[in-house]
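Visitor: This is start-v5.txt (compact mmCIF, C-alpha atoms).
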# COMPACT_ATOMS: atom_id res chain seq x y z
CA MET A 1 0.00 0.00 0.00
CA SER A 2 2.65 2.41 1.03
CA VAL A 3 4.56 1.58 -2.15
CA ILE A 4 1.60 2.55 -4.29
CA ILE A 5 1.13 5.77 -2.41
CA GLY A 6 4.83 6.39 -2.86
CA ILE A 7 4.60 6.06 -6.61
CA LYS A 8 1.52 8.25 -6.75
CA MET A 9 3.24 10.84 -4.68
CA ASN A 10 6.27 10.75 -6.94
CA SER A 11 4.34 11.23 -10.14
CA PHE A 12 2.35 13.98 -8.46
CA ILE A 13 5.57 15.74 -7.45
CA GLU A 14 7.04 15.21 -10.90
CA ASN A 15 3.98 16.72 -12.55
CA LYS A 16 4.14 19.66 -10.25
CA LEU A 17 7.83 20.14 -10.99
CA LEU A 18 7.23 19.84 -14.71
CA ASN A 19 4.59 22.53 -14.57
CA GLU A 20 6.91 24.69 -12.56
CA VAL A 21 9.64 24.31 -15.18
CA LYS A 22 7.19 25.10 -17.96
CA SER A 23 5.92 28.24 -16.32
CA LYS A 24 9.47 29.31 -15.53
CA ILE A 25 10.64 28.83 -19.10
CA LEU A 26 7.59 30.72 -20.35
CA THR A 27 8.38 33.61 -18.03
CA ILE A 28 11.98 33.65 -19.21
CA VAL A 29 10.97 33.67 -22.89
CA LEU A 30 8.51 36.50 -22.29
CA PHE A 31 11.07 38.38 -20.31
CA PHE A 32 13.70 37.98 -23.01
CA GLY A 33 11.26 39.19 -25.66
CA LEU A 34 10.59 42.30 -23.65
CA TRP A 35 14.32 42.72 -23.07
CA LEU A 36 15.07 42.57 -26.79
CA LEU A 37 12.26 44.99 -27.61
CA LEU A 38 13.58 47.50 -25.11
CA TYR A 39 17.24 47.08 -25.99
CA LEU A 40 16.76 47.44 -29.73
CA ASN A 41 14.55 50.52 -29.38
CA LEU A 42 16.48 52.24 -26.66
CA GLU A 43 17.78 54.97 -28.93
CA ALA A 44 14.32 55.75 -30.27
CA ILE A 45 12.85 55.75 -26.77
CA THR A 46 15.58 58.09 -25.57
CA ASN A 47 15.02 60.47 -28.47
CA LEU A 48 11.29 60.44 -27.86
CA LEU A 49 11.82 61.18 -24.19
CA ILE A 50 14.38 63.93 -24.61
CA PHE A 51 13.17 65.78 -27.68
CA SER A 52 9.41 65.23 -27.59
CA LEU A 53 8.53 64.87 -23.95
CA ILE A 54 10.93 67.21 -22.17
CA ASP A 55 11.69 69.11 -25.36
CA LEU A 56 15.38 69.93 -24.87
CA THR A 57 17.19 71.91 -27.56
CA PRO A 58 19.42 69.57 -29.57
CA LYS A 59 23.20 69.92 -29.68
CA THR A 60 23.81 71.75 -26.43
CA ASN A 61 26.16 70.48 -23.75
CA LEU A 62 23.29 69.94 -21.33
CA THR A 63 21.21 68.01 -23.84
CA ASP A 64 24.18 65.83 -24.79
CA ALA A 65 24.83 65.03 -21.16
CA VAL A 66 21.19 64.24 -20.40
CA TRP A 67 20.86 62.16 -23.54
CA PHE A 68 23.98 60.17 -22.69
CA PHE A 69 22.67 59.47 -19.20
CA VAL A 70 19.13 58.53 -20.22
CA PHE A 71 20.46 56.22 -22.93
CA GLU A 72 23.39 54.59 -21.15
CA VAL A 73 21.84 53.76 -17.76
CA PRO A 74 19.10 51.44 -19.06
CA LYS A 75 21.45 50.04 -21.72
CA VAL A 76 24.10 48.97 -19.24
CA LEU A 77 21.53 47.73 -16.73
CA LEU A 78 19.80 45.65 -19.41
CA LEU A 79 23.11 44.13 -20.47
CA LEU A 80 24.00 43.46 -16.86
CA VAL A 81 20.75 41.65 -16.08
CA LEU A 82 21.05 39.42 -19.13
CA ILE A 83 24.71 38.51 -18.71
CA VAL A 84 24.50 37.97 -14.94
CA PHE A 85 21.51 35.70 -15.48
CA VAL A 86 23.29 33.62 -18.14
CA VAL A 87 26.50 33.46 -16.11
CA GLY A 88 24.45 32.47 -13.03
CA ILE A 89 23.08 29.49 -14.95
CA ILE A 90 26.52 28.55 -16.29
CA ARG A 91 27.97 28.77 -12.78
CA SER A 92 25.40 26.33 -11.47
CA TYR A 93 27.21 23.66 -13.51
CA PHE A 94 30.49 24.40 -11.77
CA SER A 95 31.32 24.07 -8.11
CA PRO A 96 34.64 24.48 -6.30
CA GLU A 97 34.62 20.72 -5.69
CA ARG A 98 34.31 19.89 -9.38
CA THR A 99 36.93 22.47 -10.32
CA ARG A 100 39.27 21.03 -7.71
CA LYS A 101 38.76 17.54 -9.05
CA MET A 102 39.50 18.72 -12.57
CA LEU A 103 42.69 20.47 -11.46
CA GLY A 104 44.06 17.81 -9.11
CA GLY A 105 47.48 16.53 -10.16
CA LYS A 106 47.48 18.61 -13.35
CA LYS A 107 50.87 19.44 -14.82
CA LEU A 108 52.14 22.98 -14.84
CA PHE A 109 51.12 25.12 -17.76
CA ALA A 110 48.20 22.95 -18.90
CA GLY A 111 47.01 23.21 -15.32
CA ASN A 112 47.55 26.96 -15.29
CA VAL A 113 45.58 27.44 -18.49
CA MET A 114 42.71 25.35 -17.18
CA ALA A 115 42.73 26.99 -13.75
CA SER A 116 42.56 30.48 -15.25
CA LEU A 117 39.62 29.54 -17.47
CA LEU A 118 37.83 27.78 -14.61
CA GLY A 119 38.43 30.89 -12.51
CA ILE A 120 35.95 32.73 -14.72
CA VAL A 121 33.08 30.25 -14.40
CA THR A 122 33.50 28.84 -10.90
CA PRO A 123 31.48 30.67 -8.24
CA PHE A 124 33.96 32.65 -6.16
CA CYS A 125 33.85 35.27 -3.46
CA SER A 126 37.05 36.76 -2.13
CA CYS A 127 35.84 36.11 1.43
CA SER A 128 36.09 32.39 0.65
CA ALA A 129 39.61 32.68 -0.74
CA ILE A 130 41.25 30.94 2.21
CA PRO A 131 38.99 27.88 2.53
CA LEU A 132 39.30 27.51 -1.23
CA PHE A 133 43.08 27.81 -1.16
CA LEU A 134 43.30 25.20 1.60
CA GLY A 135 40.87 22.89 -0.14
CA PHE A 136 42.81 23.08 -3.41
CA VAL A 137 46.30 22.69 -1.99
CA GLU A 138 45.32 19.95 0.42
CA SER A 139 43.82 17.81 -2.32
CA GLY A 140 46.94 18.02 -4.48
CA VAL A 141 46.32 20.92 -6.83
CA PRO A 142 49.82 22.39 -7.44
CA LEU A 143 50.53 25.76 -5.83
CA GLY A 144 51.09 27.57 -9.13
CA VAL A 145 47.86 26.20 -10.56
CA THR A 146 45.97 27.29 -7.43
CA PHE A 147 47.37 30.80 -7.88
CA SER A 148 46.27 30.95 -11.50
CA PHE A 149 42.76 30.29 -10.24
CA LEU A 150 43.00 32.83 -7.42
CA ILE A 151 44.24 35.54 -9.81
CA ALA A 152 41.68 34.96 -12.56
CA ALA A 153 38.62 34.50 -10.36
CA PRO A 154 38.27 38.00 -8.93
CA MET A 155 39.87 39.93 -11.80
CA ILE A 156 37.83 38.54 -14.67
CA ASN A 157 34.18 38.62 -13.82
CA GLU A 158 30.97 39.19 -15.67
CA VAL A 159 30.31 42.60 -14.10
CA ALA A 160 33.65 44.01 -15.26
CA LEU A 161 33.15 42.59 -18.74
CA VAL A 162 29.59 43.88 -19.11
CA LEU A 163 30.58 47.36 -18.00
CA LEU A 164 33.58 47.49 -20.32
CA PHE A 165 31.48 46.20 -23.18
CA GLY A 166 28.56 48.53 -22.53
CA LEU A 167 30.61 51.68 -22.03
CA PHE A 168 33.75 51.21 -24.10
CA GLY A 169 32.87 48.58 -26.69
CA TRP A 170 33.48 44.89 -27.27
CA LYS A 171 37.13 45.30 -28.23
CA THR A 172 37.99 46.70 -24.84
CA ALA A 173 36.04 43.94 -23.07
CA ILE A 174 37.76 41.18 -25.05
CA LEU A 175 41.20 42.72 -24.58
CA TYR A 176 40.57 42.97 -20.84
CA MET A 177 39.46 39.35 -20.63
CA SER A 178 42.24 37.88 -22.74
CA THR A 179 45.03 39.85 -21.13
CA GLY A 180 43.59 39.12 -17.68
CA LEU A 181 43.65 35.41 -18.51
CA LEU A 182 47.21 35.73 -19.78
CA ILE A 183 48.31 37.38 -16.54
CA ALA A 184 46.66 34.65 -14.46
CA MET A 185 48.22 31.84 -16.53
CA ILE A 186 51.71 33.26 -16.66
CA SER A 187 51.86 34.49 -13.05
CA GLY A 188 50.67 31.11 -11.77
CA TYR A 189 53.15 29.34 -14.02
CA ILE A 190 56.04 31.44 -12.72
CA ILE A 191 55.01 30.84 -9.11
CA GLY A 192 54.92 27.14 -10.01
CA ILE A 193 58.40 26.91 -11.51
CA LEU A 194 59.90 28.99 -8.71
CA LYS A 195 58.86 26.20 -6.32
CA LEU A 196 57.65 28.51 -3.61
CA GLU A 197 55.89 25.78 -1.63
CA ARG A 198 58.28 26.31 1.27
CA TYR A 199 56.76 29.74 1.81
CA VAL A 200 53.34 28.32 2.50
CA GLU A 201 52.68 28.10 6.25
CA PRO A 202 53.62 24.55 7.26
CA TRP A 203 50.31 23.80 8.95
CA VAL A 204 48.58 24.06 5.60
CA TYR A 205 50.13 20.81 4.44
CA GLU A 206 49.49 19.10 7.74
CA ILE A 207 45.80 19.65 8.16
CA LYS A 208 43.46 16.99 7.05
CA ALA A 209 40.59 18.61 5.29
CA GLY A 210 37.41 16.73 5.82
CA HIS A 211 35.57 15.26 2.94
CA MET A 212 32.06 16.31 2.67
CA GLU A 213 29.37 13.79 3.19
CA MET A 214 26.76 15.88 1.51
CA ALA A 215 25.36 13.82 -1.32
CA GLU A 216 25.56 15.52 -4.66
CA GLU A 217 21.96 15.87 -5.61
CA LYS A 218 20.84 16.07 -9.16
CA THR A 219 20.19 19.69 -9.97
CA LEU A 220 17.05 20.31 -11.93
CA PHE A 221 17.03 22.85 -14.70
CA ALA A 222 14.37 24.82 -12.85
CA GLU A 223 16.83 25.18 -9.98
CA ARG A 224 19.48 26.47 -12.36
CA ILE A 225 17.06 29.12 -13.59
CA THR A 226 16.44 30.05 -9.97
CA ALA A 227 20.20 30.24 -9.47
CA GLY A 228 20.42 32.63 -12.43
CA LEU A 229 17.63 34.81 -11.04
CA ASP A 230 19.20 34.81 -7.59
CA ALA A 231 22.48 35.96 -9.13
CA VAL A 232 20.68 38.82 -10.88
CA LYS A 233 19.00 39.87 -7.64
CA GLU A 234 22.20 39.71 -5.63
CA ILE A 235 24.52 41.42 -8.09
CA VAL A 236 22.22 44.05 -9.52
CA SER A 237 21.10 45.17 -6.06
CA LYS A 238 24.76 45.57 -5.16
CA VAL A 239 26.08 47.41 -8.23
CA TRP A 240 23.26 49.49 -9.73
CA ILE A 241 24.20 52.55 -7.75
CA TYR A 242 27.79 52.49 -9.02
CA ILE A 243 26.60 52.16 -12.57
CA ILE A 244 24.32 55.16 -12.28
CA LEU A 245 27.09 57.07 -10.56
CA GLY A 246 29.62 56.08 -13.20
CA ILE A 247 27.41 57.11 -16.07
CA ALA A 248 26.46 60.33 -14.29
CA VAL A 249 30.15 61.14 -13.95
CA GLY A 250 30.66 60.38 -17.61
CA ALA A 251 27.72 62.57 -18.59
CA GLY A 252 28.39 65.29 -16.05
CA ILE A 253 32.01 66.12 -16.72
CA HIS A 254 31.24 66.40 -20.40
CA GLY A 255 31.22 70.16 -20.48
CA TYR A 256 32.86 71.17 -17.26
CA VAL A 257 36.36 69.71 -17.19
CA PRO A 258 38.75 70.62 -20.01
CA GLU A 259 38.92 67.89 -22.63
CA ASN A 260 42.53 66.89 -22.18
CA PHE A 261 42.79 67.57 -18.50
CA MET A 262 44.31 64.15 -17.76
CA ALA A 263 46.26 63.74 -20.99
CA SER A 264 49.54 65.10 -19.70
CA LEU A 265 49.25 63.12 -16.44
CA MET A 266 47.89 59.82 -17.67
CA GLY A 267 48.15 60.04 -21.41
CA LYS A 268 50.23 57.86 -23.70
CA SER A 269 53.19 60.16 -23.68
CA ALA A 270 53.58 59.86 -19.91
CA TRP A 271 55.42 56.51 -19.80
CA TRP A 272 55.56 56.45 -16.01
CA SER A 273 51.80 56.67 -15.67
CA VAL A 274 51.26 52.89 -16.04
CA PRO A 275 53.43 51.75 -13.12
CA ILE A 276 52.12 54.59 -10.96
CA ALA A 277 48.52 53.67 -11.76
CA VAL A 278 49.23 50.06 -10.74
CA VAL A 279 51.02 51.00 -7.53
CA LEU A 280 48.16 53.33 -6.61
CA GLY A 281 45.64 50.61 -7.40
CA VAL A 282 47.05 47.91 -5.11
CA PRO A 283 46.05 49.37 -1.72
CA MET A 284 42.70 50.47 -3.13
CA TYR A 285 39.95 47.97 -2.93
CA SER A 286 36.73 48.02 -4.85
CA ASN A 287 34.55 45.73 -6.89
CA ALA A 288 34.43 46.10 -10.65
CA ALA A 289 31.35 48.29 -10.56
CA GLY A 290 32.70 50.67 -7.95
CA ILE A 291 35.74 51.50 -10.02
CA ILE A 292 33.78 52.30 -13.17
CA PRO A 293 32.95 55.94 -12.29
CA ILE A 294 36.68 56.65 -11.94
CA VAL A 295 37.53 54.78 -15.11
CA GLN A 296 34.84 56.65 -16.97
CA ALA A 297 36.06 60.04 -15.72
CA LEU A 298 39.71 59.33 -16.49
CA LEU A 299 39.07 58.06 -20.00
CA GLU A 300 36.73 60.89 -20.84
CA LYS A 301 39.40 63.40 -20.02
CA GLY A 302 42.23 62.03 -22.07
CA ALA A 303 43.87 59.38 -19.92
CA SER A 304 44.98 56.52 -22.13
CA LEU A 305 43.14 53.20 -22.16
CA GLY A 306 46.15 51.10 -21.17
CA THR A 307 46.85 53.20 -18.11
CA VAL A 308 43.22 53.19 -17.00
CA LEU A 309 42.72 49.46 -17.52
CA ALA A 310 45.96 48.69 -15.68
CA PHE A 311 44.59 50.78 -12.83
CA MET A 312 41.30 48.90 -12.91
CA MET A 313 42.98 45.48 -12.98
CA SER A 314 45.20 46.37 -10.07
CA VAL A 315 42.29 47.66 -7.99
CA ILE A 316 40.08 44.60 -8.45
CA GLY A 317 42.76 41.95 -8.97
CA LEU A 318 45.23 42.91 -6.26
CA SER A 319 43.85 44.20 -3.04
CA LEU A 320 45.34 44.90 0.32
CA PRO A 321 42.53 43.29 2.36
CA GLU A 322 42.85 40.08 0.36
CA THR A 323 46.61 39.95 0.80
CA ILE A 324 46.20 40.47 4.52
CA ILE A 325 43.80 37.54 4.65
CA LEU A 326 46.30 35.44 2.68
CA LYS A 327 48.86 36.13 5.39
CA LYS A 328 47.12 33.44 7.46
CA VAL A 329 48.30 30.74 5.06
CA LEU A 330 51.28 32.25 3.22
CA LYS A 331 54.59 33.62 4.40
CA LEU A 332 55.49 37.19 3.53
CA GLN A 333 57.98 36.13 0.84
CA LEU A 334 55.30 34.34 -1.14
CA ILE A 335 52.84 37.20 -0.76
CA PHE A 336 55.44 39.64 -2.12
CA ALA A 337 56.27 37.28 -4.97
CA PHE A 338 52.58 36.96 -5.82
CA VAL A 339 51.85 40.69 -5.72
CA GLY A 340 55.10 41.50 -7.56
CA ILE A 341 54.60 39.04 -10.39
CA VAL A 342 50.99 40.02 -10.96
CA ALA A 343 51.82 43.73 -10.79
CA VAL A 344 54.54 43.34 -13.42
CA GLY A 345 52.04 41.45 -15.59
CA ILE A 346 49.48 44.24 -15.27
CA ILE A 347 52.07 46.89 -16.09
CA ALA A 348 53.05 44.97 -19.22
CA VAL A 349 49.39 44.78 -20.25
CA GLY A 350 49.02 48.53 -19.67
CA TYR A 351 51.90 49.28 -22.04
CA LEU A 352 50.54 46.79 -24.58
CA PHE A 353 47.14 48.53 -24.60
CA ASN A 354 48.76 51.92 -24.96
CA LEU A 355 50.75 50.60 -27.89
CA ILE A 356 47.72 49.13 -29.66
CA TYR A 357 45.38 52.09 -29.24
CA MET B 1 18.35 19.18 21.06
CA VAL B 2 19.66 20.30 17.70
CA SER B 3 23.24 21.40 17.32
CA ILE B 4 23.73 24.11 14.74
CA LYS B 5 27.06 25.47 13.57
CA ILE B 6 27.63 28.33 11.21
CA LEU B 7 31.06 28.15 9.58
CA GLY B 8 32.50 31.43 8.43
CA THR B 9 35.34 33.85 8.99
CA GLY B 10 33.19 36.96 9.17
CA CYS B 11 32.05 37.80 5.68
CA LYS B 12 28.74 39.57 5.23
CA LYS B 13 26.90 36.47 4.07
CA CYS B 14 28.12 34.59 7.15
CA GLN B 15 26.68 37.22 9.49
CA THR B 16 23.42 37.28 7.59
CA LEU B 17 23.08 33.51 7.85
CA GLU B 18 23.88 33.49 11.54
CA ALA B 19 21.28 36.15 12.29
CA LYS B 20 18.72 34.35 10.19
CA VAL B 21 19.29 30.98 11.86
CA ARG B 22 19.10 32.51 15.33
CA GLU B 23 15.87 34.24 14.45
CA LEU B 24 14.33 31.09 12.98
CA VAL B 25 15.31 29.07 16.03
CA ALA B 26 13.74 31.65 18.34
CA SER B 27 10.56 32.25 16.37
CA ASN B 28 9.85 28.54 15.94
CA SER B 29 10.91 27.82 19.54
CA ILE B 30 13.26 25.07 18.44
CA ASP B 31 15.45 23.56 21.11
CA ALA B 32 18.87 24.24 19.62
CA VAL B 33 22.39 25.45 20.34
CA VAL B 34 23.68 27.85 17.71
CA GLU B 35 27.43 28.19 17.47
CA LYS B 36 29.55 30.33 15.16
CA VAL B 37 32.78 28.67 14.05
CA THR B 38 35.48 31.07 12.90
CA ASP B 39 38.55 28.86 13.28
CA LEU B 40 39.96 28.19 9.81
CA GLN B 41 41.28 24.73 10.56
CA GLU B 42 37.95 23.68 11.96
CA ILE B 43 36.08 25.12 8.97
CA VAL B 44 38.34 23.32 6.52
CA GLY B 45 37.91 20.19 8.64
CA TYR B 46 34.30 20.07 7.45
CA GLY B 47 35.54 19.99 3.86
CA ILE B 48 33.79 23.09 2.57
CA MET B 49 35.49 25.55 0.22
CA MET B 50 32.89 28.28 0.31
CA THR B 51 31.57 30.10 3.33
CA PRO B 52 29.15 30.35 5.02
CA GLY B 53 28.65 26.70 5.84
CA LEU B 54 25.62 25.45 7.71
CA VAL B 55 26.15 22.36 9.86
CA ILE B 56 23.21 20.73 11.61
CA ASN B 57 23.93 17.85 13.97
CA GLU B 58 27.45 17.61 12.51
CA LYS B 59 26.18 17.23 8.94
CA ILE B 60 26.91 19.84 6.26
CA LYS B 61 23.58 21.09 4.96
CA SER B 62 24.68 23.96 2.75
CA TYR B 63 27.71 26.06 1.88
CA GLY B 64 28.39 29.22 -0.08
CA ILE B 65 24.74 30.24 -0.04
CA ILE B 66 22.07 31.49 2.31
CA PRO B 67 19.34 28.85 2.12
CA LYS B 68 15.66 29.78 2.09
CA ASP B 69 13.80 29.99 5.41
CA ASP B 70 11.51 26.99 4.89
CA GLN B 71 14.49 24.91 3.79
CA ILE B 72 16.33 25.68 7.02
CA ILE B 73 13.24 24.94 9.15
CA ASN B 74 12.87 21.66 7.31
CA TRP B 75 16.45 20.73 8.19
CA LEU B 76 15.96 21.81 11.79
CA ASN B 77 12.96 19.52 12.05
CA GLY B 78 15.20 16.63 11.15
CA ASN B 79 14.53 16.22 7.45
Here is a file; write its structure as structure tokens.

Guide:
Amino acid sequence: MSVIIGIKMNSFIENKLLNEVKSKILTIVLFFGLWLLLYLNLEAITNLLIFSLIDLTPKTNLTDAVWFFVFEVPKVLLLLVLIVFVVGIIRSYFSPERTRKMLGGKKLFAGNVMASLLGIVTPFCSCSAIPLFLGFVESGVPLGVTFSFLIAAPMINEVALVLLFGLFGWKTAILYMSTGLLIAMISGYIIGILKLERYVEPWVYEIKAGHMEMAEEKTLFAERITAGLDAVKEIVSKVWIYIILGIAVGAGIHGYVPENFMASLMGKSAWWSVPIAVVLGVPMYSNAAGIIPIVQALLEKGASLGTVLAFMMSVIGLSLPETIILKKVLKLQLIFAFVGIVAVGIIAVGYLFNLIY
Amino acid sequence: MVSIKILGTGCKKCQTLEAKVRELVASNSIDAVVEKVTDLQEIVGYGIMMTPGLVINEKIKSYGIIPKDDQIINWLNGN
């Protein structure tokens, strides 16, 4: 009897789940349709708003600034929602455990390449850097490979890429991503061949990390959609204010600060600007969104792209709070090596950008 | 009595989870001891790589996320 009830219950639950999936997918499709409609007509909507509704005179500084703001804010927010949602779903296929398994015992270089790429898609929060480091190293992921992961994960993230794409174009976004990956791969590789294991606190290799008993449950696609939506909620609620601020700065300084105000300080001709930007960026700590207003302002006023991106990478990729946390598991020598190697990499990328543009 | 441990070194999510668990325990008058574990070696001993971790009766229930209220209550009731 109980068996029969069990089966009935199961099919009832399955039906319910199926309906839930269907309604979720329907909502997503509807939502995406609306998204596309808005995104493709954003320019027309902005024109309608600015010239018909509030009736501003075309081609004045004020109108330009208002237009820029009214157009860019929804554009970047729309892009952000879509990308964060998609990345949220992709991330639900990756977990630190799976990534660790994939990286265990990998050879240098191939391991570094893989770790850097996995750094983009594996869920990561810098507050979990230490448990993750311990979990990786303890299960036999080489030190250099672990570092490749730890460098790529915070530096290359969907928020940074969306903002760069939305505000400065796809070329800038792709250059940022590929050079960021390159820095993570090469820095991790160098740390690997230098054999710096002796500068890891000895207790790290002695602890026995437990192995989780939690059964890996099958994740349903509906749950992945929920994961995507949760990511949107969490990230957008955290960064929207910076985006509005950043775009306001971009729009606002349009007419008020002389065009090439920053050119002599941070322009291409000032060769020393790249290392200084990186050195200034290390003690500063911000997420990708928080730095965008500054990036926007600097670029607008004639600072060169390489210098500004090097600054951005150093702010979000190398941060003082994170290095202080790392002190619990690494000796000072290794921390200096890590910061030094990555900083040199970022400086090289800065010069490369300046050369290309 | 249920033993609840929240594993975390002090990130924002960890504090949120701790507050939430304490509130759920109080409002549902569940007989439980809530403990915050900040010691790294102990946290790693549970095998998690993302904080916060939620341990109920020495079993990992979740990590890296803040579970939904009804999910936590379900776990607290022994499911």

Visitor: Rank B:Ser62, B:Asn57, B:Gln71, B:Asn77 by their smallest atom-to-atom distance to Val33 of chain B, using all atoms listed in the file, and report the top residue only.

Guide: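 Of all the options, B:Asn57 lies closest to Val33 of chain B.
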
Visitor: Counting all atoms listed in the file, what is within 10 Å of Leu79 of chain A, bar same-chain residues fewer than 3 positions away, as a list of chain:residue names?

Guide: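 Final neighbour list, sorted by chain and number: A:Trp35, A:Tyr39, A:Pro74, A:Lys75, A:Val76, A:Leu82, A:Ile83, A:Val84, A:Phe85, A:Val159, A:Val162, A:Leu163, A:Phe165, A:Gly166.
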
Visitor: May I have the residues within 8 Å of segment 134-141 of chain A as a short mmCIF file (atom, residue, chain, number, x, y, z; two decimals) with C-alpha atoms, keeping the file's coordinate frame, using all atoms listed in the file and disregarding those fewer than 2 positions away in the same chain?

Guide:
data_model
loop_
_atom_site.label_atom_id
_atom_site.label_comp_id
_atom_site.auth_asym_id
_atom_site.auth_seq_id
_atom_site.Cartn_x
_atom_site.Cartn_y
_atom_site.Cartn_z
CA ARG A 100 39.27 21.03 -7.71
CA LEU A 103 42.69 20.47 -11.46
CA GLY A 104 44.06 17.81 -9.11
CA GLY A 105 47.48 16.53 -10.16
CA LYS A 106 47.48 18.61 -13.35
CA ILE A 130 41.25 30.94 2.21
CA PRO A 131 38.99 27.88 2.53
CA LEU A 132 39.30 27.51 -1.23
CA LEU A 143 50.53 25.76 -5.83
CA VAL A 145 47.86 26.20 -10.56
CA THR A 146 45.97 27.29 -7.43
CA VAL A 204 48.58 24.06 5.60
CA TYR A 205 50.13 20.81 4.44
CA ILE A 207 45.80 19.65 8.16
CA LYS A 208 43.46 16.99 7.05
CA ALA A 209 40.59 18.61 5.29
CA VAL B 44 38.34 23.32 6.52
CA GLY B 47 35.54 19.99 3.86
CA ILE B 48 33.79 23.09 2.57
CA MET B 49 35.49 25.55 0.22
#

Visitor: Could you give me, as an MDAnalysis selection string, the residues within 9 Å of Asn112 of chain A, counting all atoms listed in the file and dropping anything in the same chain fewer than 6 positions from it?

Guide: chainID A and resid 103 106 144:149 184:189

Visitor: For the residues selected in the previous step, produce a file with C-alpha atoms as an mmCIF file, in the coordinates of the input.

Guide:
data_model
loop_
_atom_site.group_PDB
_atom_site.id
_atom_site.type_symbol
_atom_site.label_atom_id
_atom_site.label_comp_id
_atom_site.auth_asym_id
_atom_site.auth_seq_id
_atom_site.Cartn_x
_atom_site.Cartn_y
_atom_site.Cartn_z
ATOM 1 C CA LEU A 103 42.690 20.470 -11.460
ATOM 2 C CA LYS A 106 47.480 18.610 -13.350
ATOM 3 C CA GLY A 144 51.090 27.570 -9.130
ATOM 4 C CA VAL A 145 47.860 26.200 -10.560
ATOM 5 C CA THR A 146 45.970 27.290 -7.430
ATOM 6 C CA PHE A 147 47.370 30.800 -7.880
ATOM 7 C CA SER A 148 46.270 30.950 -11.500
ATOM 8 C CA PHE A 149 42.760 30.290 -10.240
ATOM 9 C CA ALA A 184 46.660 34.650 -14.460
ATOM 10 C CA MET A 185 48.220 31.840 -16.530
ATOM 11 C CA ILE A 186 51.710 33.260 -16.660
ATOM 12 C CA SER A 187 51.860 34.490 -13.050
ATOM 13 C CA GLY A 188 50.670 31.110 -11.770
ATOM 14 C CA TYR A 189 53.150 29.340 -14.020
#

Visitor: Fewer than 4 positions away in the same chain doesn't count, so skip those; otherwise give me all residues within 7 Å of Leu7 of chain B, counting only C-alpha atoms, as a list in words.

Guide: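 Within the cut-off, the hits are Lys36, Val37, Thr38, Ile43, Thr51, Pro52, Gly53 and Leu54 of chain B.
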
Visitor: Enter the distance from atom CA of Ala251 of chain A to atom CA of Phe69 of chain A, in Å, rounded to one decimal.

Guide: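 Computing the Euclidean distance for atom CA of Ala251 of chain A and atom CA of Phe69 of chain A yields 6.0 Å.
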
Visitor: Could you tell me which of B:Ile56, B:Ala26, B:Cys11, B:Leu76 comes closest to chain A if we count all atoms listed in the file?

Guide: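 Counting all atoms listed in the file, the residue closest to chain A is B:Cys11.
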
Visitor: Taking 4 positions as the minimum chain separation for residues in the same chain, which residues sit within 12 Å of Ile30 of chain B when counting all atoms listed in the file? Answer as number ranges by chain.

Guide: B: 1-4, 21-26, 34, 72-78

Visitor: Which is closer to chain B than all the others in A:Ala310, A:Val249, A:Leu62, A:Val329, using all atoms listed in the file?

Guide: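 Among the listed residues, A:Val329 lies closest to chain B.
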
Visitor: Between A:Cys125, A:Val81, A:Leu17, A:Val29, which is the closest to chain B once you count only C-alpha atoms?

Guide: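 Once distances to chain B are computed over only C-alpha atoms, the minimum belongs to A:Cys125.
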
Visitor: Counting all atoms listed in the file, which residue out of B:Lys13, B:Asp70, B:Asn28, B:Glu35 sits closest to chain A?

Guide: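 For chain A, the nearest of the given residues is B:Lys13.
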
Visitor: Enter the distance from atom CA of Gly250 of chain A to atom CA of Ala297 of chain A, in Å, rounded to one decimal.

Guide: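 Between atom CA of Gly250 of chain A and atom CA of Ala297 of chain A the gap is 5.7 Å.
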
Visitor: Around (33.4, 46.9, -11.5), as given in the file, which residues come within 8 Å? Count all atoms listed in the file and list them as an NGL selection string.

Guide: :A and (159-160 or 163 or 286-292 or 316)

Visitor: With distances taken over all atoms listed in the file, which residue among A:Phe133, A:Trp240, A:Tyr285, A:Tyr351 lies nearest Leu305 of chain A?

Guide: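 Result for the nearest residue to Leu305 of chain A: A:Tyr351.
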